[in-house]
Amino acid sequence: MTTSRVVVFVLAYNEAENIPDVLRALKDLPYDVVVIDNASRDGTADRARALGVPVLTLPYNVDIGGGRQAGYKYALAHGYDVAVQMDGDGQHDARSIPELVKPLVDGRADLSIGSRFVLGEGDQATSARRAGISFLSWLLGVLLGKPVLDPTSGFRACRRSVIELYCRSYPLDFPEPESLLLISRRGFSFVEVPVRMRPRLHGESTVTPLKSFYYMFKITLALLLGSLRKA
Amino acid sequence: MHDPAIFLSPRLQLSAFLISVLYLAFLLHLIRREILQLKYSMFWVGSGLAFLAFSLYPPIVFGLGRLIGVKWPENALFLLAIFSILVLLIQLSAAVSSSLERERSLAQEIALLRRELEILKDKPGASK
């Protein structure tokens with residue numbers, strides 16, 4: 001069997017302080033890397049280019065969903081077999097990527113989720129955030145008929161078939177839980193792989209308490225409506 | 001019950017007629033200047049024509065009221081107006097949604113093409 005071509009795309013929005021460390025950690029891995037710059041204004045793209053990493057620069061911010069989808073479109077256009085999505089804020093540990101890729105190459109699943117709750121090690125998020133995650137985890141478990149411990153994890157890898165699906169259709173603002181619903185309704189399988197997560201290195205997360213509440217409401221609605229939609 | 005004859009005073013009827021005509025003229029102007037696409041002006045032209053018809057022959061409103069089962073014909077008018085506006089707003093939301101969807105894929109396409117261009121510039125002479 002020929003080796004799978006793997007691309008890791010790092011989605012970044014104003015992460016100039018974090019992106020060099022994230023990219024340096026990826027240097028030791030045998031994967032192609034691309035930065036998806038979601039129209040940052042702090043020179044994120046230049047920092048990445050300075051390290052010799054190709055950058056996909058979006059002309060204006062297209063939210064998390066639009067940025068991720070750009071990554072999948074890049075993966076499809078360049079003929080990759082596996083695409084790994086990770087955040088540019090340093091929360092995701094590059095050393096976990098081989099474990100994310102393995103189940104896909106072995107044919108055990110179409111998508112793998114890097115889950116911080118399988119082992120319970122590393123950063124476990126704040127209690128409020130954990131409560132939100134457990135609710136989503138329960139809701140998705142009911143809708144998918146299969147437990148998901150970390151449905152909001154943005155550290156994932158998927159195979160070509162899922163890449164193609166995501167190029168056609170990818171949810172908008174907070175896409176993680178919804179994109180899981182999407183693949184399982186199309187009959188694709190997923191596994192959760194234990195990973196370690198760290199608190200973000202520099203700067204503030206874009207998520208505030210009010211936004212979190214709005215997010216919970218919106219994502220619940222999105223999931224319920226999504227499960228009504230025709231597959 | 002209302003007497004159709006006194007439902008609109010002649011003066012009010014004249015005002016309503018003039019307003020409808022002005023409204024339609026304004027719409028026509030917008031359409032001719034291509035400020036408003038025909039697709040989105042249908043509703044407005046339709047509402048203008050309906051308003052014109054009411055002003056020319058007010059008893060239409062009574063017929064509508066009876067049809068819906070509303071006692072006061074004015075309320076039938078309001079009900080219809082509000083409902084039409086709701087439908088229009090939903091149509092506009094749908095239009096905005098599809099515009100945003102296009103805007104998103106356009107941005108992604110530009111990003112991919114920029115990258116292609118970068119690759120081409122890095123390799124002068126090479127065809128790819």
# chains A, B, ... in the order shown; residues from 1 in each chain; ligands from 1
$ closest_atom_pairs --of "chain B" --to "chain A" --cutoff "6 Å" --atoms "only C-alpha atoms" --output "JSON lines"
{"residue": "B:Ala107", "atom": "CA", "partner": "A:Leu58", "partner_atom": "CA", "distance": 5.9}
{"residue": "B:Gln108", "atom": "CA", "partner": "A:Ala70", "partner_atom": "CA", "distance": 5.3}
{"residue": "B:Ala111", "atom": "CA", "partner": "A:Leu58", "partner_atom": "CA", "distance": 4.9}
$ closest_residue --among "A:Glu192, A:Asp173, A:Asp87, A:Asp106" --to "Asn14 in chain A" --atoms "only C-alpha atoms"
A:Asp87
$ atom_distance --atom1 "CA of Val148 in chain A" --atom2 "CA of Ser112 in chain A"
11.2 Å
$ residues_around --residues "Phe17 in chain B" --least-positions-apart "6" --cutoff "7 Å" --atoms "only C-alpha atoms" --output "list of chain:residue names"
B:Leu52, B:Ser55, B:Leu56
$ select_by_dssp --residues "range 27-151 of chain A" --states "strand (DSSP E)" --output "VMD selection string"
chain A and resid 32 to 37 55 to 57 82 to 87 111 to 115
$ write_last_selection --atoms "all heavy atoms" --output "CSV table (one decimal), in the first residue's frame"
chain,number,residue,atom,x,y,z
A,32,ASP,N,2.8,17.5,5.3
A,32,ASP,CA,2.8,18.9,4.7
A,32,ASP,C,1.9,19.8,5.6
A,32,ASP,O,1.0,19.3,6.3
A,32,ASP,CB,2.1,18.9,3.3
A,32,ASP,CG,3.0,18.2,2.3
A,32,ASP,OD1,4.2,17.9,2.6
A,32,ASP,OD2,2.5,17.9,1.2
A,33,VAL,N,2.3,21.0,5.7
A,33,VAL,CA,1.6,22.0,6.6
A,33,VAL,C,1.2,23.2,5.7
A,33,VAL,O,1.9,23.6,4.8
A,33,VAL,CB,2.5,22.4,7.7
A,33,VAL,CG1,1.8,23.5,8.6
A,33,VAL,CG2,3.0,21.2,8.6
A,34,VAL,N,0.0,23.7,6.0
A,34,VAL,CA,-0.4,25.0,5.4
A,34,VAL,C,-1.2,25.8,6.5
A,34,VAL,O,-1.8,25.2,7.4
A,34,VAL,CB,-1.3,24.7,4.2
A,34,VAL,CG1,-2.6,24.0,4.5
A,34,VAL,CG2,-1.7,26.0,3.5
A,35,VAL,N,-0.9,27.0,6.5
A,35,VAL,CA,-1.6,27.9,7.4
A,35,VAL,C,-2.8,28.5,6.7
A,35,VAL,O,-2.7,29.0,5.6
A,35,VAL,CB,-0.7,29.0,8.0
A,35,VAL,CG1,-1.5,30.1,8.8
A,35,VAL,CG2,0.4,28.4,8.9
A,36,ILE,N,-4.0,28.5,7.3
A,36,ILE,CA,-5.2,29.2,6.7
A,36,ILE,C,-5.3,30.5,7.5
A,36,ILE,O,-5.7,30.5,8.7
A,36,ILE,CB,-6.5,28.4,6.9
A,36,ILE,CG1,-6.3,26.9,6.5
A,36,ILE,CG2,-7.6,29.0,6.1
A,36,ILE,CD1,-6.0,26.7,5.1
A,37,ASP,N,-5.0,31.6,6.9
A,37,ASP,CA,-5.0,32.8,7.6
A,37,ASP,C,-6.3,33.5,7.3
A,37,ASP,O,-6.6,34.0,6.2
A,37,ASP,CB,-3.9,33.7,7.1
A,37,ASP,CG,-3.9,35.1,7.7
A,37,ASP,OD1,-4.4,35.2,8.8
A,37,ASP,OD2,-3.6,36.1,7.0
A,55,VAL,N,1.0,29.6,3.0
A,55,VAL,CA,-0.1,30.3,3.7
A,55,VAL,C,-1.3,30.5,2.7
A,55,VAL,O,-1.0,30.9,1.5
A,55,VAL,CB,0.2,31.7,4.3
A,55,VAL,CG1,-0.9,32.3,5.0
A,55,VAL,CG2,1.4,31.5,5.2
A,56,LEU,N,-2.5,30.2,3.1
A,56,LEU,CA,-3.7,30.4,2.3
A,56,LEU,C,-4.3,31.7,3.0
A,56,LEU,O,-4.7,31.6,4.1
A,56,LEU,CB,-4.6,29.3,2.4
A,56,LEU,CG,-5.5,28.9,1.3
A,56,LEU,CD1,-4.7,28.6,0.0
A,56,LEU,CD2,-6.4,27.7,1.6
A,57,THR,N,-4.2,32.8,2.2
A,57,THR,CA,-4.7,34.0,2.9
A,57,THR,C,-6.1,34.4,2.4
A,57,THR,O,-6.3,34.6,1.2
A,57,THR,CB,-3.8,35.2,2.6
A,57,THR,OG1,-3.4,35.2,1.2
A,57,THR,CG2,-2.6,35.3,3.5
A,82,VAL,N,-5.4,12.5,3.5
A,82,VAL,CA,-5.9,12.8,4.9
A,82,VAL,C,-5.6,14.3,5.2
A,82,VAL,O,-4.6,14.8,4.8
A,82,VAL,CB,-5.1,12.0,5.9
A,82,VAL,CG1,-5.4,12.4,7.3
A,82,VAL,CG2,-5.4,10.5,5.7
A,83,ALA,N,-6.6,14.9,5.8
A,83,ALA,CA,-6.4,16.3,6.2
A,83,ALA,C,-6.6,16.4,7.7
A,83,ALA,O,-7.5,15.8,8.3
A,83,ALA,CB,-7.5,17.2,5.6
A,84,VAL,N,-5.6,17.1,8.3
A,84,VAL,CA,-5.7,17.3,9.8
A,84,VAL,C,-6.0,18.8,10.0
A,84,VAL,O,-5.3,19.6,9.5
A,84,VAL,CB,-4.3,16.9,10.5
A,84,VAL,CG1,-4.4,17.1,12.0
A,84,VAL,CG2,-3.9,15.5,10.1
A,85,GLN,N,-7.0,19.0,10.8
A,85,GLN,CA,-7.3,20.4,11.2
A,85,GLN,C,-6.8,20.7,12.6
A,85,GLN,O,-7.1,19.9,13.5
A,85,GLN,CB,-8.8,20.7,11.0
A,85,GLN,CG,-9.7,19.9,11.9
A,85,GLN,CD,-11.1,20.5,12.0
A,85,GLN,OE1,-11.8,20.5,11.0
A,85,GLN,NE2,-11.6,20.9,13.1
A,86,MET,N,-6.1,21.8,12.8
A,86,MET,CA,-5.7,22.2,14.2
A,86,MET,C,-5.8,23.7,14.3
A,86,MET,O,-5.8,24.4,13.3
A,86,MET,CB,-4.4,21.6,14.6
A,86,MET,CG,-3.2,22.2,13.9
A,86,MET,SD,-1.7,21.2,14.4
A,86,MET,CE,-1.3,21.8,16.0
A,87,ASP,N,-5.9,24.1,15.6
A,87,ASP,CA,-6.0,25.6,15.8
A,87,ASP,C,-4.6,26.2,15.9
A,87,ASP,O,-3.7,25.6,16.3
A,87,ASP,CB,-6.8,25.8,17.1
A,87,ASP,CG,-8.2,25.4,17.0
A,87,ASP,OD1,-8.7,25.3,15.8
A,87,ASP,OD2,-8.9,25.3,18.0
A,111,LEU,N,-13.1,9.6,10.2
A,111,LEU,CA,-12.7,10.8,10.9
A,111,LEU,C,-12.3,10.5,12.3
A,111,LEU,O,-12.8,9.6,13.0
A,111,LEU,CB,-13.9,11.8,10.9
A,111,LEU,CG,-13.7,13.2,11.6
A,111,LEU,CD1,-14.3,14.3,10.7
A,111,LEU,CD2,-14.3,13.3,12.9
A,112,SER,N,-11.3,11.2,12.8
A,112,SER,CA,-10.9,11.0,14.2
A,112,SER,C,-10.9,12.4,14.9
A,112,SER,O,-10.5,13.4,14.3
A,112,SER,CB,-9.5,10.4,14.3
A,112,SER,OG,-8.5,11.1,13.6
A,113,ILE,N,-11.3,12.3,16.2
A,113,ILE,CA,-11.4,13.5,17.0
A,113,ILE,C,-10.3,13.4,18.1
A,113,ILE,O,-10.3,12.4,18.8
A,113,ILE,CB,-12.8,13.6,17.7
A,113,ILE,CG1,-13.9,13.5,16.6
A,113,ILE,CG2,-12.9,14.9,18.4
A,113,ILE,CD1,-15.2,13.2,17.3
A,114,GLY,N,-9.5,14.4,18.2
A,114,GLY,CA,-8.6,14.5,19.3
A,114,GLY,C,-9.4,14.9,20.6
A,114,GLY,O,-9.8,16.0,20.7
A,115,SER,N,-9.5,14.0,21.5
A,115,SER,CA,-10.4,14.2,22.7
A,115,SER,C,-9.6,14.4,23.9
A,115,SER,O,-8.7,13.6,24.2
A,115,SER,CB,-11.3,13.0,22.8
A,115,SER,OG,-12.0,13.2,24.0
$ residues_around --residues "Gly132 in chain A" --least-positions-apart "4" --cutoff "8 Å" --atoms "only C-alpha atoms" --output "list of chain:residue names"
A:Ala128, A:Leu136, A:Met216
$ write_last_selection --atoms "N, CA and C atoms" --output "CSV table (one decimal), in the first residue's frame"
chain,number,residue,atom,x,y,z
A,128,ALA,N,-17.3,25.7,33.7
A,128,ALA,CA,-18.5,26.2,33.0
A,128,ALA,C,-18.4,25.6,31.6
A,136,LEU,N,-23.6,19.1,25.4
A,136,LEU,CA,-23.5,18.9,23.9
A,136,LEU,C,-23.2,17.4,23.7
A,216,MET,N,-24.4,28.0,23.0
A,216,MET,CA,-25.1,26.8,23.4
A,216,MET,C,-26.5,26.7,22.8
$ atom_distance --atom1 "CA of Asp81 in chain A" --atom2 "CA of Arg159 in chain A"
5.8 Å
$ residues_around --residues "Leu28 in chain B" --least-positions-apart "6" --cutoff "12 Å" --atoms "only C-alpha atoms" --output "list in words"
Val21, Leu22, Glu34, Ile35, Leu36, Gln37, Leu38, Ser41, Met42, Trp44, Val45 and Gly48 of chain B
$ write_last_selection --atoms "all heavy atoms" --output "mmCIF file, in the first residue's frame"
data_model
loop_
_atom_site.group_PDB
_atom_site.id
_atom_site.type_symbol
_atom_site.label_atom_id
_atom_site.label_comp_id
_atom_site.auth_asym_id
_atom_site.auth_seq_id
_atom_site.Cartn_x
_atom_site.Cartn_y
_atom_site.Cartn_z
ATOM 1 N N VAL B 21 -50.364 56.013 -6.450
ATOM 2 C CA VAL B 21 -49.761 56.370 -7.736
ATOM 3 C C VAL B 21 -48.313 56.827 -7.546
ATOM 4 O O VAL B 21 -47.404 56.390 -8.261
ATOM 5 C CB VAL B 21 -50.592 57.466 -8.447
ATOM 6 C CG1 VAL B 21 -49.836 58.006 -9.643
ATOM 7 C CG2 VAL B 21 -51.927 56.898 -8.884
ATOM 8 N N LEU B 22 -48.095 57.654 -6.513
ATOM 9 C CA LEU B 22 -46.737 58.125 -6.226
ATOM 10 C C LEU B 22 -45.818 56.959 -5.888
ATOM 11 O O LEU B 22 -44.673 56.883 -6.358
ATOM 12 C CB LEU B 22 -46.757 59.110 -5.049
ATOM 13 C CG LEU B 22 -47.090 60.553 -5.404
ATOM 14 C CD1 LEU B 22 -47.196 61.390 -4.134
ATOM 15 C CD2 LEU B 22 -46.024 61.118 -6.335
ATOM 16 N N GLU B 34 -32.304 50.619 -12.225
ATOM 17 C CA GLU B 34 -31.659 49.356 -11.818
ATOM 18 C C GLU B 34 -31.126 49.396 -10.391
ATOM 19 O O GLU B 34 -30.113 48.791 -10.069
ATOM 20 C CB GLU B 34 -30.557 48.971 -12.803
ATOM 21 C CG GLU B 34 -31.133 48.533 -14.141
ATOM 22 C CD GLU B 34 -30.068 48.210 -15.164
ATOM 23 O OE1 GLU B 34 -29.000 47.748 -14.755
ATOM 24 O OE2 GLU B 34 -30.319 48.421 -16.354
ATOM 25 N N ILE B 35 -31.790 50.165 -9.546
ATOM 26 C CA ILE B 35 -31.436 50.180 -8.128
ATOM 27 C C ILE B 35 -32.090 48.976 -7.455
ATOM 28 O O ILE B 35 -31.551 48.379 -6.534
ATOM 29 C CB ILE B 35 -31.909 51.501 -7.471
ATOM 30 C CG1 ILE B 35 -31.159 52.674 -8.104
ATOM 31 C CG2 ILE B 35 -31.714 51.472 -5.950
ATOM 32 C CD1 ILE B 35 -31.700 54.033 -7.731
ATOM 33 N N LEU B 36 -33.238 48.624 -7.978
ATOM 34 C CA LEU B 36 -33.991 47.485 -7.448
ATOM 35 C C LEU B 36 -34.070 46.429 -8.548
ATOM 36 O O LEU B 36 -34.483 46.735 -9.668
ATOM 37 C CB LEU B 36 -35.403 47.971 -7.085
ATOM 38 C CG LEU B 36 -36.228 47.160 -6.127
ATOM 39 C CD1 LEU B 36 -35.533 47.054 -4.782
ATOM 40 C CD2 LEU B 36 -37.579 47.831 -5.942
ATOM 41 N N GLN B 37 -33.646 45.205 -8.229
ATOM 42 C CA GLN B 37 -33.754 44.145 -9.228
ATOM 43 C C GLN B 37 -35.208 43.737 -9.376
ATOM 44 O O GLN B 37 -35.942 43.686 -8.390
ATOM 45 C CB GLN B 37 -32.943 42.939 -8.785
ATOM 46 C CG GLN B 37 -31.497 42.997 -9.201
ATOM 47 C CD GLN B 37 -30.778 41.704 -8.867
ATOM 48 O OE1 GLN B 37 -31.378 40.631 -8.910
ATOM 49 N NE2 GLN B 37 -29.518 41.812 -8.518
ATOM 50 N N LEU B 38 -35.577 43.384 -10.590
ATOM 51 C CA LEU B 38 -36.962 43.015 -10.864
ATOM 52 C C LEU B 38 -37.439 41.911 -9.920
ATOM 53 O O LEU B 38 -38.549 41.967 -9.384
ATOM 54 C CB LEU B 38 -37.092 42.565 -12.325
ATOM 55 C CG LEU B 38 -38.545 42.391 -12.776
ATOM 56 C CD1 LEU B 38 -39.246 43.731 -12.828
ATOM 57 C CD2 LEU B 38 -38.602 41.699 -14.129
ATOM 58 N N SER B 41 -38.549 43.313 -6.827
ATOM 59 C CA SER B 41 -39.516 44.393 -6.890
ATOM 60 C C SER B 41 -40.933 43.891 -7.112
ATOM 61 O O SER B 41 -41.888 44.635 -6.941
ATOM 62 C CB SER B 41 -39.124 45.378 -7.980
ATOM 63 O OG SER B 41 -38.984 44.689 -9.197
ATOM 64 N N MET B 42 -41.040 42.596 -7.484
ATOM 65 C CA MET B 42 -42.367 42.027 -7.745
ATOM 66 C C MET B 42 -43.324 42.270 -6.583
ATOM 67 O O MET B 42 -44.454 42.705 -6.764
ATOM 68 C CB MET B 42 -42.271 40.515 -7.974
ATOM 69 C CG MET B 42 -41.326 40.119 -9.066
ATOM 70 S SD MET B 42 -41.934 40.647 -10.657
ATOM 71 C CE MET B 42 -42.403 39.071 -11.317
ATOM 72 N N TRP B 44 -43.207 44.457 -4.191
ATOM 73 C CA TRP B 44 -43.532 45.866 -3.974
ATOM 74 C C TRP B 44 -44.509 46.374 -5.023
ATOM 75 O O TRP B 44 -45.456 47.089 -4.717
ATOM 76 C CB TRP B 44 -42.259 46.713 -3.981
ATOM 77 C CG TRP B 44 -41.302 46.300 -2.898
ATOM 78 C CD1 TRP B 44 -40.068 45.742 -3.070
ATOM 79 C CD2 TRP B 44 -41.507 46.393 -1.495
ATOM 80 N NE1 TRP B 44 -39.496 45.482 -1.850
ATOM 81 C CE2 TRP B 44 -40.359 45.870 -0.866
ATOM 82 C CE3 TRP B 44 -42.548 46.854 -0.699
ATOM 83 C CZ2 TRP B 44 -40.228 45.797 0.510
ATOM 84 C CZ3 TRP B 44 -42.408 46.791 0.679
ATOM 85 C CH2 TRP B 44 -41.265 46.271 1.268
ATOM 86 N N VAL B 45 -44.265 45.980 -6.279
ATOM 87 C CA VAL B 45 -45.188 46.390 -7.342
ATOM 88 C C VAL B 45 -46.570 45.804 -7.053
ATOM 89 O O VAL B 45 -47.595 46.497 -7.153
ATOM 90 C CB VAL B 45 -44.663 45.921 -8.721
ATOM 91 C CG1 VAL B 45 -45.697 46.209 -9.800
ATOM 92 C CG2 VAL B 45 -43.362 46.625 -9.054
ATOM 93 N N GLY B 48 -48.257 47.712 -4.383
ATOM 94 C CA GLY B 48 -48.665 49.017 -4.896
ATOM 95 C C GLY B 48 -49.949 48.910 -5.707
ATOM 96 O O GLY B 48 -50.870 49.725 -5.551
#
$ closest_residue --among "B:Ile60, B:Leu100, B:Leu92, B:Leu49" --to "Ala25 in chain B" --atoms "only C-alpha atoms"
B:Leu49
$ closest_residue --among "A:Ser179, A:Thr126, A:Ser134, A:Ser4" --to "Ala222 in chain A" --atoms "only C-alpha atoms"
A:Ser179
$ residues_around --residues "Gly90 in chain A" --least-positions-apart "3" --cutoff "12 Å" --atoms "only C-alpha atoms" --output "ChimeraX atom specification"
/A:10-12,15-26,86-87,93-95,123,154-155,196-203,205
$ residues_around --residues "Leu144 in chain A" --least-positions-apart "2" --cutoff "9 Å" --atoms "only C-alpha atoms" --output "list in words"
Leu139, Leu140, Gly141, Val142, Lys146, Pro147, Val148, Leu180, Leu181, Ser184 and Arg185 of chain A
$ select_by_dssp --residues "range 6-146 of chain A" --states "alpha helix (DSSP H)" --output "number ranges by chain"
A: 19-27, 44-50, 63-77, 97-105, 127-144
